[in-house]
Amino acid sequence: MRYENNGIEIQYRECQIIREAAKKTLLEDMEFDEDILVQKKDRFLFLIRKIGREKKLKRGYCDQISRFLKHMEKSYFEAFIRYVRYLTVSERGIELMKPFFLENGKVVMPVNRHDKSVGCNLNI
């Protein structure tokens, strides 16, 4: 994940990981409940890291995602969960280069891969 001035740039693989962790977090619930995912942020981040431990090829992505989300401001995280909901319940799959507008005015842009010449990584 990368921070851009007006939102988040997220890679396709990161979208897959976030969707997988959200589904595991909400396994007991019949419908997607954004409030539960916000309340269970620590569990959500734990499951992202667990995916990285179990799937070696995803480890680097999982480490970066969990760091990024852990330090995300609460109101921003709550808005970002709307995108996670979209990923989890959408039957269209992950749509690359289709901006998703958050309630706080920020944008989530799913990309195939980060362009190394643009933007900056959030290294925390």
# chains A, B, ... in the order shown; residues from 1 in each chain; ligands from 1
>>> residues_around(residues="Phe80 (chain A)", least_positions_apart="5", cutoff="9 Å", atoms="only C-alpha atoms", output="PyMOL selection string")
chain A and resi 75+85+102-103+108
>>> write_last_selection(atoms="N, CA and C atoms", output="JSON list (two decimals), in the first residue's frame")
[["chain", "number", "residue", "atom", "x", "y", "z"],
["A", 75, "SER", "N", -10.39, 7.61, 11.91],
["A", 75, "SER", "CA", -11.44, 8.04, 10.98],
["A", 75, "SER", "C", -11.13, 7.59, 9.55],
["A", 85, "ARG", "N", -15.32, -3.53, 2.51],
["A", 85, "ARG", "CA", -16.68, -4.09, 2.33],
["A", 85, "ARG", "C", -16.95, -4.32, 0.85],
["A", 102, "LEU", "N", -13.88, 7.32, -0.87],
["A", 102, "LEU", "CA", -14.24, 7.13, 0.52],
["A", 102, "LEU", "C", -15.08, 8.31, 1.01],
["A", 103, "GLU", "N", -15.77, 8.11, 2.12],
["A", 103, "GLU", "CA", -16.62, 9.16, 2.68],
["A", 103, "GLU", "C", -15.84, 10.40, 3.08],
["A", 108, "VAL", "N", -9.34, 5.46, -3.07],
["A", 108, "VAL", "CA", -8.56, 4.22, -3.07],
["A", 108, "VAL", "C", -8.42, 3.81, -4.53]]
>>> select_by_dssp(residues="chain A", states="strand (DSSP E)", output="list in words")
Arg2, Tyr3, Glu4, Gly7, Ile8, Glu9, Ile10, Gln11, Phe100, Phe101, Val107, Val108, Met109, Pro110, Val111, Cys120 and Asn121 of chain A
>>> select_by_dssp(residues="region 75-116 of chain A", states="helix (DSSP H, G or I)", output="JSON, numbers by chain")
{"A": [75, 76, 77, 78, 79, 80, 81, 82, 83, 84, 85, 86, 87, 88, 89]}
>>> write_last_selection(atoms="N, CA and C atoms", output="compact mmCIF listing (two decimals), in the first residue's frame")
# COMPACT_ATOMS: atom_id res chain seq x y z
N SER A 75 -10.39 7.61 11.91
CA SER A 75 -11.44 8.04 10.98
C SER A 75 -11.13 7.59 9.55
N TYR A 76 -9.84 7.59 9.20
CA TYR A 76 -9.41 7.14 7.87
C TYR A 76 -9.63 5.63 7.75
N PHE A 77 -9.29 4.88 8.83
CA PHE A 77 -9.50 3.43 8.82
C PHE A 77 -10.98 3.11 8.68
N GLU A 78 -11.83 3.81 9.40
CA GLU A 78 -13.27 3.59 9.31
C GLU A 78 -13.76 3.83 7.89
N ALA A 79 -13.25 4.86 7.24
CA ALA A 79 -13.63 5.12 5.85
C ALA A 79 -13.08 4.04 4.92
N PHE A 80 -11.84 3.59 5.17
CA PHE A 80 -11.23 2.57 4.34
C PHE A 80 -11.99 1.24 4.41
N ILE A 81 -12.62 0.96 5.55
CA ILE A 81 -13.38 -0.27 5.71
C ILE A 81 -14.53 -0.32 4.70
N ARG A 82 -15.00 0.83 4.24
CA ARG A 82 -16.05 0.84 3.19
C ARG A 82 -15.50 0.18 1.92
N TYR A 83 -14.22 0.42 1.62
CA TYR A 83 -13.60 -0.22 0.46
C TYR A 83 -13.43 -1.72 0.71
N VAL A 84 -13.05 -2.08 1.93
CA VAL A 84 -12.91 -3.50 2.28
C VAL A 84 -14.26 -4.20 2.11
N ARG A 85 -15.32 -3.53 2.51
CA ARG A 85 -16.68 -4.09 2.33
C ARG A 85 -16.95 -4.32 0.85
N TYR A 86 -16.63 -3.34 0.05
CA TYR A 86 -16.82 -3.44 -1.40
C TYR A 86 -16.05 -4.65 -1.96
N LEU A 87 -14.81 -4.82 -1.53
CA LEU A 87 -14.00 -5.95 -1.99
C LEU A 87 -14.61 -7.29 -1.58
N THR A 88 -15.16 -7.32 -0.39
CA THR A 88 -15.65 -8.57 0.19
C THR A 88 -16.98 -9.01 -0.40
N VAL A 89 -17.88 -8.08 -0.64
CA VAL A 89 -19.22 -8.46 -1.12
C VAL A 89 -19.39 -8.33 -2.63
>>> closest_residue(among="A:Ala22, A:Val107, A:Ile51, A:Leu45", to="Leu69 (chain A)", atoms="only C-alpha atoms")
A:Leu45
>>> residues_around(residues="Glu9 (chain A)", least_positions_apart="2", cutoff="7 Å", atoms="only C-alpha atoms", output="PyMOL selection string")
chain A and resi 1-4+7+11+108-111
>>> closest_residue(among="A:Phe44, A:Arg53, A:Gly60, A:Asn6", to="Pro99 (chain A)", atoms="only C-alpha atoms")
A:Asn6
>>> closest_residue(among="A:His71, A:Lys23, A:Lys55, A:Lys106", to="Ile36 (chain A)", atoms="only C-alpha atoms")
A:Lys23
>>> residues_around(residues="Tyr12 (chain A)", least_positions_apart="3", cutoff="8 Å", atoms="only C-alpha atoms", output="list in words")
Cys15, Gln16, Ile94, Leu96, Pro110, Val111, Asn112 and Arg113 of chain A
>>> atom_distance(atom1="CA of Leu57 (chain A)", atom2="CA of Gln39 (chain A)")
28.8 Å
